[in-house]
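File shown here: start.txt, holding compact mmCIF, C-alpha atoms.
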# COMPACT_ATOMS: atom_id res chain seq x y z
CA MET A 25 19.40 -56.24 45.33
CA VAL A 26 17.52 -58.52 43.00
CA GLY A 27 17.95 -59.38 39.33
CA TYR A 28 15.41 -56.87 38.11
CA SER A 29 16.64 -53.88 40.19
CA ASP A 30 17.76 -51.97 37.11
CA HIS A 31 14.38 -52.44 35.46
CA LYS A 32 12.18 -51.95 38.52
CA ASP A 33 10.61 -48.73 37.29
CA ASP A 34 9.84 -50.20 33.90
CA VAL A 35 8.32 -53.34 35.48
CA LEU A 36 6.21 -51.22 37.86
CA ARG A 37 5.00 -49.08 34.98
CA ARG A 38 3.95 -52.17 33.04
CA LEU A 39 2.18 -53.65 36.08
CA ARG A 40 0.28 -50.38 36.63
CA ARG A 41 -0.80 -50.50 33.01
CA ILE A 42 -2.03 -54.09 33.51
CA GLU A 43 -3.91 -52.97 36.64
CA GLY A 44 -5.59 -50.36 34.41
CA GLN A 45 -6.48 -53.08 31.89
CA VAL A 46 -8.08 -55.20 34.64
CA ARG A 47 -10.05 -52.17 35.87
CA GLY A 48 -11.12 -51.54 32.27
CA LEU A 49 -12.34 -55.16 32.16
CA GLN A 50 -14.50 -54.53 35.23
CA ARG A 51 -15.98 -51.45 33.57
CA MET A 52 -16.70 -53.44 30.39
CA VAL A 53 -18.39 -56.24 32.33
CA GLY A 54 -20.31 -53.68 34.46
CA GLU A 55 -21.64 -52.13 31.26
CA GLU A 56 -22.37 -55.57 29.81
CA ALA A 57 -19.99 -55.14 26.88
CA TYR A 58 -20.08 -57.78 24.16
CA CYS A 59 -18.49 -61.00 25.41
CA ILE A 60 -16.03 -61.37 22.53
CA ASP A 61 -14.71 -57.84 23.18
CA VAL A 62 -14.19 -58.72 26.85
CA LEU A 63 -12.31 -61.88 25.79
CA THR A 64 -10.08 -59.84 23.47
CA GLN A 65 -9.17 -57.56 26.38
CA ILE A 66 -8.48 -60.54 28.64
CA SER A 67 -6.11 -61.95 26.00
CA ALA A 68 -4.33 -58.59 25.86
CA ALA A 69 -3.92 -58.43 29.67
CA THR A 70 -2.73 -62.06 29.75
CA LYS A 71 -0.14 -61.33 27.06
CA ALA A 72 1.05 -58.25 28.95
CA LEU A 73 1.46 -60.31 32.16
CA GLN A 74 3.37 -63.05 30.31
CA SER A 75 5.58 -60.41 28.78
CA VAL A 76 6.49 -58.99 32.21
CA ALA A 77 7.20 -62.55 33.36
CA LEU A 78 9.55 -63.17 30.43
CA GLU A 79 11.37 -59.90 31.14
CA LEU A 80 11.83 -60.81 34.81
CA LEU A 81 12.91 -64.32 33.91
CA GLY A 82 15.56 -63.06 31.49
CA GLU A 83 16.97 -60.76 34.18
CA HIS A 84 16.85 -63.58 36.70
CA LEU A 85 18.71 -66.06 34.50
CA SER A 86 21.35 -63.50 33.70
CA HIS A 87 21.72 -62.76 37.42
CA CYS A 88 21.99 -66.46 38.26
CA VAL A 89 24.87 -66.89 35.80
CA GLN A 90 26.62 -63.83 37.25
CA ASP A 91 26.14 -65.14 40.77
CA ALA A 92 27.56 -68.51 39.77
CA LEU A 93 30.58 -66.80 38.25
CA ARG A 94 31.14 -64.77 41.42
CA THR A 95 30.64 -67.54 43.93
CA GLY A 96 31.92 -70.52 41.93
CA GLY A 97 28.42 -71.89 41.57
CA PRO A 98 27.70 -73.92 44.73
CA GLU A 99 24.00 -73.15 44.36
CA ALA A 100 23.84 -73.25 40.56
CA ASP A 101 21.98 -76.57 40.38
CA SER A 102 19.20 -75.65 42.75
CA LYS A 103 18.85 -72.24 41.09
CA VAL A 104 18.47 -73.82 37.65
CA ARG A 105 15.88 -76.27 38.97
CA GLU A 106 13.96 -73.40 40.55
CA ALA A 107 14.01 -71.42 37.30
CA ARG A 108 12.90 -74.48 35.34
CA ASP A 109 9.90 -74.93 37.66
CA ALA A 110 8.96 -71.27 37.29
CA ILE A 111 9.14 -71.64 33.49
CA GLU A 112 6.90 -74.71 33.71
CA ARG A 113 4.31 -72.73 35.66
CA LEU A 114 4.41 -70.01 32.99
CA VAL A 115 4.09 -72.46 30.09
CA ARG A 116 1.20 -74.24 31.81
CA SER A 117 -0.72 -71.09 32.75
CA MET B 26 28.45 -82.99 23.46
CA VAL B 27 25.25 -81.11 24.15
CA GLY B 28 23.39 -80.35 27.37
CA TYR B 29 20.99 -83.24 27.02
CA SER B 30 23.57 -85.93 26.18
CA ASP B 31 22.97 -87.80 29.42
CA HIS B 32 19.24 -87.89 28.79
CA LYS B 33 19.32 -88.54 25.06
CA ASP B 34 17.80 -92.02 25.30
CA ASP B 35 15.02 -90.81 27.55
CA VAL B 36 14.27 -87.85 25.24
CA LEU B 37 14.24 -90.16 22.19
CA ARG B 38 11.90 -92.58 23.93
CA ARG B 39 9.50 -89.76 24.74
CA LEU B 40 9.63 -88.39 21.18
CA ARG B 41 8.89 -91.87 19.79
CA ARG B 42 5.90 -92.05 22.11
CA ILE B 43 4.70 -88.66 20.84
CA GLU B 44 5.15 -89.89 17.25
CA GLY B 45 2.88 -92.80 18.21
CA GLN B 46 0.33 -90.35 19.62
CA VAL B 47 0.32 -88.36 16.37
CA ARG B 48 -0.11 -91.58 14.36
CA GLY B 49 -2.97 -92.49 16.73
CA LEU B 50 -4.51 -89.12 15.93
CA GLN B 51 -4.39 -89.91 12.21
CA ARG B 52 -6.11 -93.23 12.86
CA MET B 53 -8.81 -91.50 14.93
CA VAL B 54 -9.44 -88.89 12.24
CA GLY B 55 -9.39 -91.59 9.52
CA GLU B 56 -12.08 -93.48 11.43
CA GLU B 57 -14.00 -90.23 12.04
CA ALA B 58 -13.71 -90.45 15.82
CA TYR B 59 -15.73 -87.97 17.86
CA CYS B 60 -14.18 -84.51 17.61
CA ILE B 61 -13.91 -83.93 21.36
CA ASP B 62 -11.97 -87.19 21.75
CA VAL B 63 -9.56 -86.09 19.01
CA LEU B 64 -9.10 -82.75 20.81
CA THR B 65 -8.36 -84.55 24.09
CA GLN B 66 -5.63 -86.54 22.34
CA ILE B 67 -4.19 -83.41 20.76
CA SER B 68 -4.01 -81.79 24.21
CA ALA B 69 -2.18 -84.88 25.52
CA ALA B 70 0.36 -84.81 22.66
CA THR B 71 0.87 -81.06 23.11
CA LYS B 72 1.49 -81.52 26.83
CA ALA B 73 3.97 -84.30 26.12
CA LEU B 74 5.86 -82.07 23.65
CA GLN B 75 5.94 -79.18 26.13
CA SER B 76 7.21 -81.54 28.76
CA VAL B 77 10.13 -82.67 26.56
CA ALA B 78 10.85 -78.99 25.86
CA LEU B 79 10.97 -78.18 29.58
CA GLU B 80 13.31 -81.13 30.21
CA LEU B 81 15.67 -80.00 27.43
CA LEU B 82 15.52 -76.42 28.62
CA GLY B 83 16.44 -77.40 32.18
CA GLU B 84 19.43 -79.35 30.91
CA HIS B 85 20.41 -76.48 28.64
CA LEU B 86 20.29 -73.85 31.40
CA SER B 87 22.33 -76.05 33.69
CA HIS B 88 24.86 -76.57 30.91
CA CYS B 89 25.05 -72.82 30.21
CA VAL B 90 25.89 -72.12 33.86
CA GLN B 91 28.55 -74.82 33.83
CA ASP B 92 30.02 -73.43 30.61
CA ALA B 93 30.09 -69.94 32.10
CA LEU B 94 31.93 -71.29 35.17
CA ARG B 95 34.49 -73.08 32.97
CA THR B 96 35.13 -70.28 30.51
CA GLY B 97 34.58 -67.27 32.77
CA GLY B 98 31.35 -66.41 30.97
CA PRO B 99 32.33 -64.37 27.89
CA GLU B 100 29.23 -65.69 26.08
CA ALA B 101 26.92 -65.74 29.10
CA ASP B 102 24.85 -62.72 28.03
CA SER B 103 24.11 -63.93 24.52
CA LYS B 104 23.32 -67.43 25.85
CA VAL B 105 20.82 -66.07 28.35
CA ARG B 106 19.16 -63.95 25.68
CA GLU B 107 18.93 -66.98 23.40
CA ALA B 108 17.37 -69.09 26.17
CA ARG B 109 14.93 -66.31 26.99
CA ASP B 110 13.78 -66.16 23.36
CA ALA B 111 13.32 -69.94 23.29
CA ILE B 112 11.22 -69.72 26.48
CA GLU B 113 9.13 -66.99 24.86
CA ARG B 114 8.44 -69.21 21.86
CA LEU B 115 7.37 -72.02 24.22
CA VAL B 116 5.10 -69.77 26.30
CA ARG B 117 3.50 -68.32 23.17
CA SER B 118 2.94 -71.66 21.42
CA MET C 25 -28.59 -58.46 27.82
CA VAL C 26 -25.40 -60.41 27.20
CA GLY C 27 -24.49 -64.05 27.70
CA TYR C 28 -22.89 -63.51 31.07
CA SER C 29 -25.65 -61.36 32.62
CA ASP C 30 -26.55 -64.02 35.18
CA HIS C 31 -22.94 -64.31 36.28
CA LYS C 32 -22.00 -60.64 36.13
CA ASP C 33 -21.51 -60.28 39.89
CA ASP C 34 -19.35 -63.39 40.06
CA VAL C 35 -17.23 -62.22 37.09
CA LEU C 36 -16.83 -58.76 38.65
CA ARG C 37 -15.80 -60.29 41.97
CA ARG C 38 -13.15 -62.40 40.23
CA LEU C 39 -11.84 -59.42 38.25
CA ARG C 40 -11.56 -57.35 41.44
CA ARG C 41 -9.59 -60.18 42.97
CA ILE C 42 -7.26 -60.21 39.95
CA GLU C 43 -6.87 -56.43 40.27
CA GLY C 44 -5.78 -57.08 43.86
CA GLN C 45 -3.28 -59.68 42.65
CA VAL C 46 -1.79 -57.18 40.17
CA ARG C 47 -1.54 -54.54 42.91
CA GLY C 48 0.12 -57.18 45.10
CA LEU C 49 2.62 -57.74 42.28
CA GLN C 50 3.46 -54.03 42.26
CA ARG C 51 4.04 -54.15 46.01
CA MET C 52 6.30 -57.20 45.63
CA VAL C 53 8.35 -55.56 42.88
CA GLY C 54 8.49 -52.28 44.87
CA GLU C 55 9.93 -54.19 47.82
CA GLU C 56 12.29 -56.11 45.49
CA ALA C 57 10.80 -59.51 46.32
CA TYR C 58 12.62 -62.57 45.05
CA CYS C 59 12.12 -62.90 41.28
CA ILE C 60 10.84 -66.50 41.38
CA ASP C 61 8.15 -65.49 43.90
CA VAL C 62 7.06 -62.67 41.60
CA LEU C 63 6.88 -65.14 38.70
CA THR C 64 4.74 -67.52 40.78
CA GLN C 65 2.28 -64.70 41.45
CA ILE C 66 2.22 -63.73 37.78
CA SER C 67 1.36 -67.34 36.89
CA ALA C 68 -1.47 -67.27 39.44
CA ALA C 69 -2.90 -64.01 38.04
CA THR C 70 -2.61 -65.33 34.47
CA LYS C 71 -4.44 -68.53 35.42
CA ALA C 72 -7.18 -66.51 37.13
CA LEU C 73 -7.62 -64.36 33.99
CA GLN C 74 -7.76 -67.43 31.74
CA SER C 75 -10.31 -68.95 34.06
CA VAL C 76 -12.58 -65.88 33.79
CA ALA C 77 -12.15 -66.05 30.01
CA LEU C 78 -13.22 -69.72 29.94
CA GLU C 79 -16.27 -68.93 32.07
CA LEU C 80 -17.33 -66.08 29.76
CA LEU C 81 -16.68 -68.21 26.70
CA GLY C 82 -18.86 -71.04 28.01
CA GLU C 83 -21.71 -68.59 28.67
CA HIS C 84 -21.20 -67.04 25.26
CA LEU C 85 -21.31 -70.34 23.37
CA SER C 86 -24.42 -71.39 25.22
CA HIS C 87 -26.03 -68.04 24.39
CA CYS C 88 -25.08 -68.38 20.71
CA VAL C 89 -26.80 -71.76 20.50
CA GLN C 90 -29.92 -70.34 22.19
CA ASP C 91 -29.93 -67.38 19.82
CA ALA C 92 -29.62 -69.70 16.83
CA LEU C 93 -32.57 -71.75 18.12
CA ARG C 94 -34.68 -68.61 18.56
CA THR C 95 -33.83 -66.93 15.29
CA GLY C 96 -33.29 -69.97 13.07
CA GLY C 97 -29.57 -69.30 12.94
CA PRO C 98 -29.00 -66.76 10.13
CA GLU C 99 -25.93 -65.47 11.95
CA ALA C 100 -24.74 -68.80 13.33
CA ASP C 101 -21.78 -69.13 10.95
CA SER C 102 -20.30 -65.71 11.63
CA LYS C 103 -20.84 -66.18 15.39
CA VAL C 104 -18.98 -69.50 15.37
CA ARG C 105 -16.10 -67.97 13.40
CA GLU C 106 -15.93 -65.08 15.85
CA ALA C 107 -15.86 -67.48 18.84
CA ARG C 108 -13.18 -69.59 17.16
CA ASP C 109 -10.99 -66.50 16.67
CA ALA C 110 -11.46 -65.53 20.34
CA ILE C 111 -10.44 -69.07 21.38
CA GLU C 112 -7.37 -68.81 19.18
CA ARG C 113 -6.34 -65.56 20.88
CA LEU C 114 -6.75 -67.27 24.28
CA VAL C 115 -4.76 -70.36 23.29
CA ARG C 116 -1.98 -68.20 21.82
CA SER C 117 -1.76 -65.79 24.77
CA MET D 13 -20.53 -88.32 9.90
CA VAL D 14 -18.60 -85.98 12.17
CA GLY D 15 -18.13 -82.22 12.14
CA TYR D 16 -14.80 -82.36 10.36
CA SER D 17 -15.82 -84.80 7.59
CA ASP D 18 -15.43 -82.19 4.85
CA HIS D 19 -11.93 -81.35 6.02
CA LYS D 20 -10.76 -84.86 6.86
CA ASP D 21 -8.15 -84.98 4.09
CA ASP D 22 -6.75 -81.61 5.06
CA VAL D 23 -6.60 -82.59 8.75
CA LEU D 24 -4.89 -85.89 7.88
CA ARG D 25 -2.35 -84.09 5.70
CA ARG D 26 -1.52 -81.71 8.54
CA LEU D 27 -1.20 -84.56 11.04
CA ARG D 28 1.16 -86.43 8.70
CA ARG D 29 3.24 -83.27 8.46
CA ILE D 30 3.35 -83.06 12.27
CA GLU D 31 4.38 -86.73 12.42
CA GLY D 32 7.25 -85.78 10.09
CA GLN D 33 8.19 -82.91 12.41
CA VAL D 34 8.30 -85.28 15.39
CA ARG D 35 10.46 -87.72 13.42
CA GLY D 36 12.69 -84.79 12.48
CA LEU D 37 12.99 -84.01 16.19
CA GLN D 38 14.17 -87.56 16.86
CA ARG D 39 16.79 -87.21 14.14
CA MET D 40 17.97 -83.89 15.60
CA VAL D 41 18.24 -85.33 19.11
CA GLY D 42 19.95 -88.48 17.73
CA GLU D 43 22.57 -86.25 16.07
CA GLU D 44 22.83 -84.13 19.24
CA ALA D 45 21.64 -80.94 17.53
CA TYR D 46 21.95 -77.71 19.48
CA CYS D 47 19.34 -77.61 22.23
CA ILE D 48 17.86 -74.24 21.25
CA ASP D 49 17.29 -75.48 17.68
CA VAL D 50 15.48 -78.54 19.06
CA LEU D 51 13.31 -76.26 21.21
CA THR D 52 12.46 -74.10 18.18
CA GLN D 53 11.28 -77.21 16.34
CA ILE D 54 9.23 -78.34 19.33
CA SER D 55 7.52 -74.93 19.40
CA ALA D 56 6.73 -75.29 15.69
CA ALA D 57 5.23 -78.77 16.16
CA THR D 58 3.23 -77.57 19.18
CA LYS D 59 1.86 -74.64 17.19
CA ALA D 60 0.91 -76.95 14.32
CA LEU D 61 -0.94 -79.28 16.73
CA GLN D 62 -2.79 -76.35 18.34
CA SER D 63 -3.71 -75.10 14.90
CA VAL D 64 -5.27 -78.48 13.95
CA ALA D 65 -7.13 -78.41 17.28
CA LEU D 66 -8.54 -74.94 16.56
CA GLU D 67 -9.64 -76.06 13.09
CA LEU D 68 -11.42 -79.13 14.51
CA LEU D 69 -12.98 -77.07 17.28
CA GLY D 70 -14.37 -74.51 14.82
CA GLU D 71 -15.93 -77.30 12.75
CA HIS D 72 -17.28 -78.92 15.89
CA LEU D 73 -18.92 -75.75 17.21
CA SER D 74 -20.50 -75.06 13.84
CA HIS D 75 -21.81 -78.64 13.75
CA CYS D 76 -23.21 -78.34 17.29
CA VAL D 77 -25.20 -75.24 16.32
CA GLN D 78 -26.52 -76.98 13.20
CA ASP D 79 -27.47 -80.04 15.26
CA ALA D 80 -29.29 -77.85 17.77
CA LEU D 81 -31.21 -76.17 14.93
CA ARG D 82 -32.21 -79.55 13.47
CA THR D 83 -33.17 -81.26 16.70
CA GLY D 84 -34.47 -78.26 18.67
CA GLY D 85 -31.47 -78.38 20.99
CA PRO D 86 -32.25 -80.97 23.69
CA GLU D 87 -28.54 -81.73 24.04
CA ALA D 88 -27.26 -78.19 23.47
CA ASP D 89 -26.29 -77.55 27.11
CA SER D 90 -24.24 -80.70 27.56
CA LYS D 91 -22.57 -80.15 24.17
CA VAL D 92 -21.54 -76.62 25.09
CA ARG D 93 -20.17 -77.79 28.44
CA GLU D 94 -18.21 -80.52 26.67
CA ALA D 95 -16.75 -78.02 24.17
CA ARG D 96 -15.88 -75.62 26.99
CA ASP D 97 -13.95 -78.38 28.80
CA ALA D 98 -12.08 -79.25 25.61
CA ILE D 99 -11.16 -75.59 25.16
CA GLU D 100 -9.92 -75.49 28.75
CA ARG D 101 -7.65 -78.48 28.09
CA LEU D 102 -6.25 -76.71 25.01
CA VAL D 103 -5.67 -73.42 26.84
CA ARG D 104 -3.98 -75.21 29.73
CA SER D 105 -1.74 -77.42 27.56
Could you rewrite the structure in this file as structure tokens?
Amino acid sequence: MVGYSDHKDDVLRRLRRIEGQVRGLQRMVGEEAYCIDVLTQISAATKALQSVALELLGEHLSHCVQDALRTGGPEADSKVREARDAIERLVRS
Amino acid sequence: MVGYSDHKDDVLRRLRRIEGQVRGLQRMVGEEAYCIDVLTQISAATKALQSVALELLGEHLSHCVQDALRTGGPEADSKVREARDAIERLVRS
Amino acid sequence: MVGYSDHKDDVLRRLRRIEGQVRGLQRMVGEEAYCIDVLTQISAATKALQSVALELLGEHLSHCVQDALRTGGPEADSKVREARDAIERLVRS
Amino acid sequence: MVGYSDHKDDVLRRLRRIEGQVRGLQRMVGEEAYCIDVLTQISAATKALQSVALELLGEHLSHCVQDALRTGGPEADSKVREARDAIERLVRS
């Protein structure tokens, strides 16, 4: 059981859609589509990935708080640090 | 008392440094410095701002978990949603 | 002929690799991998996409300058504006 | 004479506004404002900085093309590479 269990199907559906976008990018490049149009599609795929990440992160944070409430929070500090590092990677990417 | 109380002096010191960077940018533009050098400085100031944001966010998340543990978490859901939205604004900016 | 013609194979190879990363993400989510690990992979795929975008953009800018030199630049202004807008979409995504 | 000469006053005005935002941030932190509100302001200042960067970059690219047209482009390659690196720093920050 992980934080995103309830939303697994939705997350998978969004990832499959992103896979389709990346395959569409290959088709565009194969057909030598105009560079700016390729860039627009890359921005769209990037946004879709970031959006899945934010969804997962929200679920994860909510799960962490629930865990802390259930267990009294012995691991809360390390969990928060871990989440903070993941957020940093997202902001920097 | 807010989440970053313990780090207030450090956060203020970093913000004053960023203020200095932005004043340095004005000096560069006033003296018509080379555009690429101005852009490099803007990237540095942006990174410094993001870094303060990540520090505050880490403190905030840790505080939220502690609050939830103390109060039994009646507000935990709305707090997590609020943090998630703030992270989204950071990722998108 | 587009700006990235010379690098088409390299760009396609990188996009196929990103497609593999997105399929790997689906596998991870299907197996309920730990959320933070999923987020790390999303950051990696996002970075790889941004990196392809920067490569294409570099080729495109260089092509625009060459075009301007060949044609005397009647379209240079609209091309620069178009590139600027594409950069904005990248920075904001 | 640099690429942004015509817009110098506008750029300076925007940078002074950003300086004010950063001073406002110091005031908020000094008064221990709610963390999420501080983060919202940081996102606003970051966006304003990125927006100045995009403005300068647009001017710079347009200037580079004009320079290439005037001089026949001996430096065009190194200028494009330089711009590409600056864009990378912006995207990554």
Chain B contacts on chain C, all atoms listed in the file, 10 Å, as a short mmCIF file (atom, residue, chain, number, x, y, z; two decimals) with C-alpha atoms, in the frame of the given file:
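To be explicit, this is the file written out as out.cif:
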data_model
loop_
_atom_site.label_atom_id
_atom_site.label_comp_id
_atom_site.auth_asym_id
_atom_site.auth_seq_id
_atom_site.Cartn_x
_atom_site.Cartn_y
_atom_site.Cartn_z
CA VAL C 115 -4.76 -70.36 23.29
CA ARG C 116 -1.98 -68.20 21.82
CA SER C 117 -1.76 -65.79 24.77
#
Item to check | Polymer residues at most 10 Å from region 72-75 of chain B, only C-alpha atoms, same-chain spacing of 3 or more positions, as an MDAnalysis selection string | outcome: (chainID A and resid 112 115:116) or (chainID B and resid 39:40 42:43 46 66:69 78:81 115:116 118) or (chainID D and resid 34 51 54:55 57:58 101:102 104:105)
Checklist entry - What is the distance between CA of Ser75 (chain A) and CA of Leu81 (chain C), in Å to one decimal? => result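 Answer for the CA of Ser75 (chain A) to CA of Leu81 (chain C) separation: 23.7 Å.
Note that the spacing between CA of Gly42 (chain D) and CA of Glu100 (chain B) amounts to 26.0 Å.
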Next on the checklist: Please list as an MDAnalysis selection string every residue within 12 Å of Thr95 (chain A), counting all atoms listed in the file and excluding residues in the same chain fewer than 6 positions away.
Outcome noted: (chainID A and resid 88:89) or (chainID B and resid 94 97)
Checklist entry - How would you write as a ChimeraX atom specification the residues that get within 12 Å of (-23.7, -63.9, 25.3) in the file's frame, counting all atoms listed in the file? => result /A:53,56-63 /C:25-32,79-92,103,107
Checklist entry - So how many Å separate CA of Asp102 (chain B) and CA of Asp33 (chain A), to one decimal? => result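 Those two atoms sit 22.0 Å apart.
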If you take every atom of region 100-105 of chain A that the file lists and fit an axis-aligned box around them with 8 Å extra on each side, what centre and edge lengths come out in Å to one decimal, as AutoDock Vina command-line options?
--center_x 19.9 --center_y -74.4 --center_z 40.2 --size_x 24.0 --size_y 20.3 --size_z 21.1
